[in-house]
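J.: This is the structure I want to talk about, given as structure tokens.
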Amino acid sequence: MRAILCKAFGPPESLVIEEIASPVPGPGEVVISVKAASVNFPDVLIIENKYQVKPPLPFSPGSELAGLVKAVGQGVTGVATGDRVMAITGYGAFAEEVKTEARRVLPIPAGMDFADAAAFGLTYATSEHALLDRGALRSGETLLVLGAAGGVGLAAIEIGKILGARVIACASTDDKLAVCRAHGADDTINYATEDLRERIKALTGGHGADLVYDPVGGPYTEPALRAIAWRGRLLVVGFAAGEIPKIPLNLTLLKGCSIVGVFWGEFTRREPQRFAEAMLRLGRWYAEGKLKPHVSETFPLERAADALTRMANRQVKGKIVLTVAL
């Protein structure tokens with residue numbers, strides 16, 4: 001089978017595609033014939049050795065996929081050959097066949113195609129964990145979403161609206177903000193052309209945002225924090241801008257606010273039962289038509305480097321999906 005391989009850490013163009021042996025499942029494992037795999041920002045970081053997960057070389061990038069179960073290992077129950085499934089693997093998904101632990105495999109919700117399934121789990125589960133579990137978002141509060149046109153950003157908008165929040169979406173171009181409005185954003189801020197802090201204050205009548213969802217970092221975190229409401233919460237989700245901001249801690253004192261870390265991957269490992277409950281909840285919301293992954297582009301597997309370059313250059317609205325023709 002073919003796989004995209006990272007043989008040496010570097011930019012996307014350093015990746016290669018090669019024929020390697022098909023995987024064989026061990027005890028508690030499943031092999032999936034991949035139909036689609038989505039591209040996420042951590043995939044860019046992991047091939048450059050800048051991510052907290054550091055797999056041994058060589059490895060395939062790709063953190064989530066959808067496909068058909070090809071084989072199951074000893075002791076596996078609840079999953080059978082031919083089942084339509086999705087899986088969040090951390091890495092390894094950019095291949096025609098993937099071996100993973102059975103506990104990482106989930107059924108695809110009824111009515112969901114492979115592309116949507118590949119684009120669903122990581123972004124929606126991250127945002128659900130962030131907003132409900134870590135941010136305790138309540139109906140009537142104002143949610144500010146930075147990097148709102150990306151995968152986790154659009155998921156945060158949709159989940160914020162389900163929870164009854166007013167959502168202000170922030171992005172760097174007007175066409176990205178149009179996508180945010182289509183997914184339910186009440187107001188928008190173009191932080192490339194507008195003063196982020198002042199626009200937040202203007203849109204909230206000086207109250208500020210109750211909850212800030214920040215997957216971007218860089219120059220946007222501090223002005224968002226300076227415009228946060230009393231007892232507000234800032235969710236640290238990621239650093240897509242490439243810079244980890246250094247926050248003056250006196251701001252937390254003056255605002256009576258909290259800075260809250262969101263490490264979704266560790267949450268799934270430490271609290272698997274709560275993660276399972278979250279995925280069931282997300283599946284219900286999808287079935288009710290409240291969630292819709294935004295797949296803006298698809299590429300064949302062999303063009304994984306092109307897809308990752310677009311992600312690295314912040315040219316993606318929603319999700320890019322790689323498709324596998326078998």
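So you can find residues: chains in the structure tokens are A, B, ... in the order shown, residues in each start at 1, and ligands are numbered from 1 in order.
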Using only C-alpha atoms, determine which residues lie at most 7 Å from range 210-222 of chain A, disregarding the query and same-chain residues fewer than 6 positions distant; provide the list as a short mmCIF file (atom, residue, chain, number, x, y, z; two decimals) with N, CA, C and O atoms, in the first residue's frame.
T.:
```
data_model
loop_
_atom_site.label_atom_id
_atom_site.label_comp_id
_atom_site.auth_asym_id
_atom_site.auth_seq_id
_atom_site.Cartn_x
_atom_site.Cartn_y
_atom_site.Cartn_z
N GLY A 135 -14.37 25.93 29.27
CA GLY A 135 -14.85 27.31 29.31
C GLY A 135 -16.17 27.52 30.00
O GLY A 135 -16.53 28.65 30.30
N GLU A 141 -24.13 34.40 27.07
CA GLU A 141 -22.78 34.98 27.13
C GLU A 141 -22.28 35.31 25.73
O GLU A 141 -22.82 34.84 24.72
N THR A 142 -21.24 36.13 25.67
CA THR A 142 -20.60 36.48 24.40
C THR A 142 -19.33 35.67 24.24
O THR A 142 -18.44 35.70 25.10
N LEU A 143 -19.25 34.94 23.14
CA LEU A 143 -18.09 34.14 22.79
C LEU A 143 -17.34 34.82 21.66
O LEU A 143 -17.91 35.13 20.62
N LEU A 144 -16.05 35.06 21.85
CA LEU A 144 -15.18 35.62 20.82
C LEU A 144 -14.29 34.51 20.30
O LEU A 144 -13.61 33.84 21.08
N VAL A 145 -14.29 34.29 18.98
CA VAL A 145 -13.51 33.22 18.38
C VAL A 145 -12.43 33.82 17.50
O VAL A 145 -12.72 34.49 16.50
N LEU A 146 -11.17 33.61 17.86
CA LEU A 146 -10.04 34.01 17.01
C LEU A 146 -9.75 32.90 16.01
O LEU A 146 -10.01 31.73 16.28
N GLY A 147 -9.21 33.27 14.84
CA GLY A 147 -8.98 32.25 13.82
C GLY A 147 -10.25 31.52 13.47
O GLY A 147 -10.25 30.30 13.25
N ILE A 228 -11.47 41.54 27.55
CA ILE A 228 -12.31 40.48 28.11
C ILE A 228 -13.20 41.06 29.21
O ILE A 228 -12.89 42.08 29.82
N ALA A 229 -14.32 40.40 29.45
CA ALA A 229 -15.26 40.83 30.49
C ALA A 229 -14.73 40.49 31.88
O ALA A 229 -13.85 39.64 32.05
N GLY A 232 -14.16 36.93 32.93
CA GLY A 232 -14.06 36.24 31.65
C GLY A 232 -13.04 35.10 31.69
O GLY A 232 -12.25 34.95 32.63
N ARG A 233 -13.08 34.28 30.64
CA ARG A 233 -12.16 33.15 30.52
C ARG A 233 -11.53 33.17 29.13
O ARG A 233 -12.24 33.33 28.13
N LEU A 234 -10.21 33.03 29.10
CA LEU A 234 -9.50 32.93 27.83
C LEU A 234 -9.02 31.50 27.66
O LEU A 234 -8.28 30.99 28.50
N LEU A 235 -9.45 30.84 26.58
CA LEU A 235 -9.10 29.45 26.31
C LEU A 235 -7.87 29.39 25.42
O LEU A 235 -7.89 29.88 24.29
N VAL A 236 -6.80 28.79 25.92
CA VAL A 236 -5.57 28.62 25.15
C VAL A 236 -5.67 27.29 24.40
O VAL A 236 -5.52 26.21 24.99
N VAL A 237 -5.96 27.38 23.09
CA VAL A 237 -6.21 26.18 22.28
C VAL A 237 -5.00 25.83 21.42
O VAL A 237 -4.71 24.66 21.17
N GLY A 238 -4.27 26.85 20.93
CA GLY A 238 -3.13 26.59 20.07
C GLY A 238 -2.46 27.88 19.65
O GLY A 238 -2.87 28.99 20.06
N PHE A 239 -1.45 27.73 18.77
CA PHE A 239 -0.62 28.87 18.39
C PHE A 239 -0.37 28.86 16.88
O PHE A 239 0.77 28.81 16.41
N ALA A 240 -1.47 28.94 16.11
CA ALA A 240 -1.36 28.87 14.66
C ALA A 240 -0.55 30.03 14.08
O ALA A 240 0.02 29.91 12.99
N ALA A 241 -0.47 31.15 14.80
CA ALA A 241 0.33 32.28 14.33
C ALA A 241 1.82 32.01 14.44
O ALA A 241 2.63 32.75 13.88
N GLY A 242 2.19 30.95 15.16
CA GLY A 242 3.58 30.57 15.27
C GLY A 242 4.30 31.13 16.48
O GLY A 242 5.41 30.70 16.80
N GLU A 243 3.71 32.08 17.16
CA GLU A 243 4.35 32.71 18.32
C GLU A 243 3.52 32.43 19.57
O GLU A 243 2.30 32.62 19.57
N ILE A 244 4.17 31.97 20.62
CA ILE A 244 3.50 31.78 21.90
C ILE A 244 3.55 33.10 22.66
O ILE A 244 4.63 33.58 23.02
N PRO A 245 2.39 33.73 22.90
CA PRO A 245 2.41 35.06 23.53
C PRO A 245 2.82 34.99 25.00
O PRO A 245 2.59 34.00 25.69
N ILE A 247 2.00 36.82 28.33
CA ILE A 247 0.93 37.66 28.85
C ILE A 247 1.34 38.32 30.17
O ILE A 247 1.79 37.63 31.09
#
```
J.: Could I get the residues of range 107-153 of chain A with an atom no further than 10 Å from an atom of range 274-277 of chain A, each paired with its nearest atom pair and that distance in Å to one decimal, using only C-alpha atoms, sorted by chain and residue number, as JSON lines?
T.:
```
{"residue": "A:Ala125", "atom": "CA", "partner": "A:Phe275", "partner_atom": "CA", "distance": 8.1}
{"residue": "A:Glu128", "atom": "CA", "partner": "A:Phe275", "partner_atom": "CA", "distance": 9.9}
{"residue": "A:His129", "atom": "CA", "partner": "A:Phe275", "partner_atom": "CA", "distance": 8.3}
{"residue": "A:Asp133", "atom": "CA", "partner": "A:Arg274", "partner_atom": "CA", "distance": 9.6}
```
J.: Print the selection's residues with C-alpha atoms to a file, as a CSV table (one decimal), in the first residue's frame.
T.:
```csv
chain,number,residue,atom,x,y,z
A,125,ALA,CA,-14.4,17.4,19.7
A,128,GLU,CA,-16.8,20.9,22.4
A,129,HIS,CA,-14.2,20.1,25.1
A,133,ASP,CA,-15.7,21.5,29.8
```
J.: Just the residues within 12 Å of Lys7 in chain A, please, counting only C-alpha atoms, with nothing from its chain fewer than 2 positions along; format it as a PyMOL selection string.
T.: chain A and resi 3-5+9-18+47-49+55-61
J.: Would you please work out which residue, of A:Pro272, A:Gly164, A:Gly140, A:Gly261, is nearest to Arg103 in chain A when using only C-alpha atoms?
T.: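 Closest to Arg103 in chain A, using only C-alpha atoms: A:Pro272.
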J.: Could you please determine the separation between CA of His183 in chain A and CA of Leu131 in chain A in Å, to one decimal place?
T.: 16.7 Å
J.: List as a ChimeraX atom specification the protein and nucleic acid residues near Gly90 in chain A, meaning an atom at most 7 Å away when only C-alpha atoms are counted, but skip any in the same chain fewer than 5 places from it.
T.: /A:62-64
J.: Write out, as a CSV table (one decimal), in the first residue's frame, the residues just selected, with all heavy atoms.
T.:
```
chain,number,residue,atom,x,y,z
A,62,GLY,N,-0.8,13.0,9.6
A,62,GLY,CA,-2.2,12.8,9.4
A,62,GLY,C,-2.8,12.3,10.7
A,62,GLY,O,-2.5,11.2,11.2
A,63,SER,N,-3.7,13.1,11.2
A,63,SER,CA,-4.3,12.8,12.6
A,63,SER,C,-5.7,12.3,12.6
A,63,SER,O,-6.1,11.8,13.7
A,63,SER,CB,-4.2,14.1,13.4
A,63,SER,OG,-4.7,15.2,12.8
A,64,GLU,N,-6.4,12.3,11.5
A,64,GLU,CA,-7.7,11.7,11.5
A,64,GLU,C,-8.1,11.2,10.1
A,64,GLU,O,-7.7,11.7,9.1
A,64,GLU,CB,-8.8,12.6,12.1
A,64,GLU,CG,-8.9,13.9,11.3
A,64,GLU,CD,-10.0,14.8,12.0
A,64,GLU,OE1,-10.9,14.4,12.7
A,64,GLU,OE2,-9.9,16.1,11.8
```
J.: Give me the residues near Ala202 in chain A as number ranges by chain, where near means some atom within 12 Å (using only C-alpha atoms) and where sequence neighbours in that chain fewer than 4 positions away do not count.
T.: A: 168, 187-189, 194-198, 206-209, 227
J.: Would you mind listing what lies within 6 Å of range 27-29 of chain A as a VMD selection string, with only C-alpha atoms counted and same-chain residues fewer than 5 positions away left out?
T.: chain A and resid 73 to 76 100 to 102
J.: How would you write, as a count of residues only, the set of residues in range 40-250 of chain A that DSSP gives as helix (DSSP H, G or I)?
T.: 68
J.: What gap, in Å, lies between CA of Ser296 in chain A and CA of Ala95 in chain A?
T.: 21.1 Å
